[in-house]
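Participant: What follows is a structure written as structure tokens; I'll ask about it next.
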Amino acid sequence: MQEPTVQFLTPEESGQVDAALLSSPEKFLTRITISSLRVLIHIAKENQVAVEDLTPKQIISWFEKDGKIRREQGTEAAFLKW
């Protein structure tokens, strides 16, 4: 069973970022940070650990695994769709 596509930044969140009193680079970094949090939460669930307990090695391994899935099974099978 395939997991539904994850929305990394909802329209509401995007609107909140747009309305924030931030420069364009700060808004970009804010969007990246919110999206990154969603990826870290997913990685932590897969590793059955709290987000704060993730190690760089676990994060790197997860990206290697997701990249391998994308190469072997196609973009739609991977968690990250790019």
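Lettering and numbering for the structure tokens are positional, with chains as A, B, ... in the shown order, residues counted from 1 in each chain, and ligands counted from 1 in the shown order.
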Can you list every residue in chain A that DSSP puts in alpha helix (DSSP H), as a PDB file with C-alpha atoms, in the first residue's frame?

Facilitator:
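Heads up, here's the output in result.pdb:
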```
ATOM      1  CA  PRO A  11      -1.222  26.640   1.930  1.00  0.00           C
ATOM      2  CA  GLU A  12      -2.052  28.038   5.376  1.00  0.00           C
ATOM      3  CA  GLU A  13       1.547  27.752   6.535  1.00  0.00           C
ATOM      4  CA  SER A  14       2.774  29.300   3.325  1.00  0.00           C
ATOM      5  CA  GLY A  15       0.396  32.207   3.897  1.00  0.00           C
ATOM      6  CA  GLN A  16       1.684  32.608   7.443  1.00  0.00           C
ATOM      7  CA  VAL A  17       5.262  32.706   6.174  1.00  0.00           C
ATOM      8  CA  ASP A  18       4.309  35.237   3.494  1.00  0.00           C
ATOM      9  CA  ALA A  19       2.615  37.439   6.110  1.00  0.00           C
ATOM     10  CA  SER A  24      12.858  37.036   1.339  1.00  0.00           C
ATOM     11  CA  PRO A  25      15.902  34.952   2.370  1.00  0.00           C
ATOM     12  CA  GLU A  26      14.409  34.519   5.858  1.00  0.00           C
ATOM     13  CA  LYS A  27      11.083  33.394   4.370  1.00  0.00           C
ATOM     14  CA  PHE A  28      12.905  30.878   2.177  1.00  0.00           C
ATOM     15  CA  LEU A  29      14.810  29.500   5.177  1.00  0.00           C
ATOM     16  CA  THR A  30      11.585  29.326   7.196  1.00  0.00           C
ATOM     17  CA  ARG A  31       9.893  27.266   4.459  1.00  0.00           C
ATOM     18  CA  ILE A  32      12.906  24.930   4.271  1.00  0.00           C
ATOM     19  CA  THR A  33      12.921  24.535   8.059  1.00  0.00           C
ATOM     20  CA  ILE A  34       9.224  23.656   8.260  1.00  0.00           C
ATOM     21  CA  SER A  35       9.610  21.163   5.407  1.00  0.00           C
ATOM     22  CA  SER A  36      12.740  19.683   6.995  1.00  0.00           C
ATOM     23  CA  LEU A  37      10.889  19.156  10.260  1.00  0.00           C
ATOM     24  CA  ARG A  38       8.318  17.041   8.413  1.00  0.00           C
ATOM     25  CA  VAL A  39      11.078  14.912   6.865  1.00  0.00           C
ATOM     26  CA  LEU A  40      12.805  14.495  10.247  1.00  0.00           C
ATOM     27  CA  ILE A  41       9.531  13.419  11.870  1.00  0.00           C
ATOM     28  CA  HIS A  42       9.093  10.801   9.128  1.00  0.00           C
ATOM     29  CA  ILE A  43      12.679   9.542   9.523  1.00  0.00           C
ATOM     30  CA  ALA A  44      12.280   9.356  13.304  1.00  0.00           C
ATOM     31  CA  LYS A  45       9.077   7.305  12.964  1.00  0.00           C
ATOM     32  CA  GLU A  46      10.782   4.876  10.592  1.00  0.00           C
ATOM     33  CA  ASN A  47      13.684   4.509  13.038  1.00  0.00           C
ATOM     34  CA  PRO A  56      23.420  12.193  11.385  1.00  0.00           C
ATOM     35  CA  LYS A  57      24.188   8.583  10.407  1.00  0.00           C
ATOM     36  CA  GLN A  58      20.482   7.635  10.607  1.00  0.00           C
ATOM     37  CA  ILE A  59      19.509  10.660   8.519  1.00  0.00           C
ATOM     38  CA  ILE A  60      22.153   9.921   5.888  1.00  0.00           C
ATOM     39  CA  SER A  61      21.128   6.245   5.756  1.00  0.00           C
ATOM     40  CA  TRP A  62      17.505   7.216   5.299  1.00  0.00           C
ATOM     41  CA  PHE A  63      18.342   9.545   2.387  1.00  0.00           C
ATOM     42  CA  GLU A  64      20.447   6.787   0.793  1.00  0.00           C
ATOM     43  CA  LYS A  65      17.536   4.352   1.151  1.00  0.00           C
ATOM     44  CA  ASP A  66      14.979   6.818  -0.247  1.00  0.00           C
ATOM     45  CA  GLY A  67      17.310   7.640  -3.156  1.00  0.00           C
ATOM     46  CA  LYS A  68      17.732   3.942  -3.921  1.00  0.00           C
ATOM     47  CA  ILE A  69      13.950   3.455  -3.912  1.00  0.00           C
ATOM     48  CA  ARG A  70      13.582   6.419  -6.303  1.00  0.00           C
ATOM     49  CA  ARG A  71      16.229   5.033  -8.679  1.00  0.00           C
ATOM     50  CA  GLU A  72      14.955   1.449  -8.629  1.00  0.00           C
ATOM     51  CA  GLN A  73      11.180   1.893  -8.307  1.00  0.00           C
TER      52      GLN A  73
END
```

Participant: Find the distance between CA of Phe8 in chain A and CA of Trp82 in chain A and write it in Å to one decimal.

Facilitator: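 So the answer is 12.7 Å.
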
Participant: Separation of CA of Glu76 in chain A and CA of Val49 in chain A, in Å?

Facilitator: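 Separation of CA of Glu76 in chain A and CA of Val49 in chain A: 25.7 Å.
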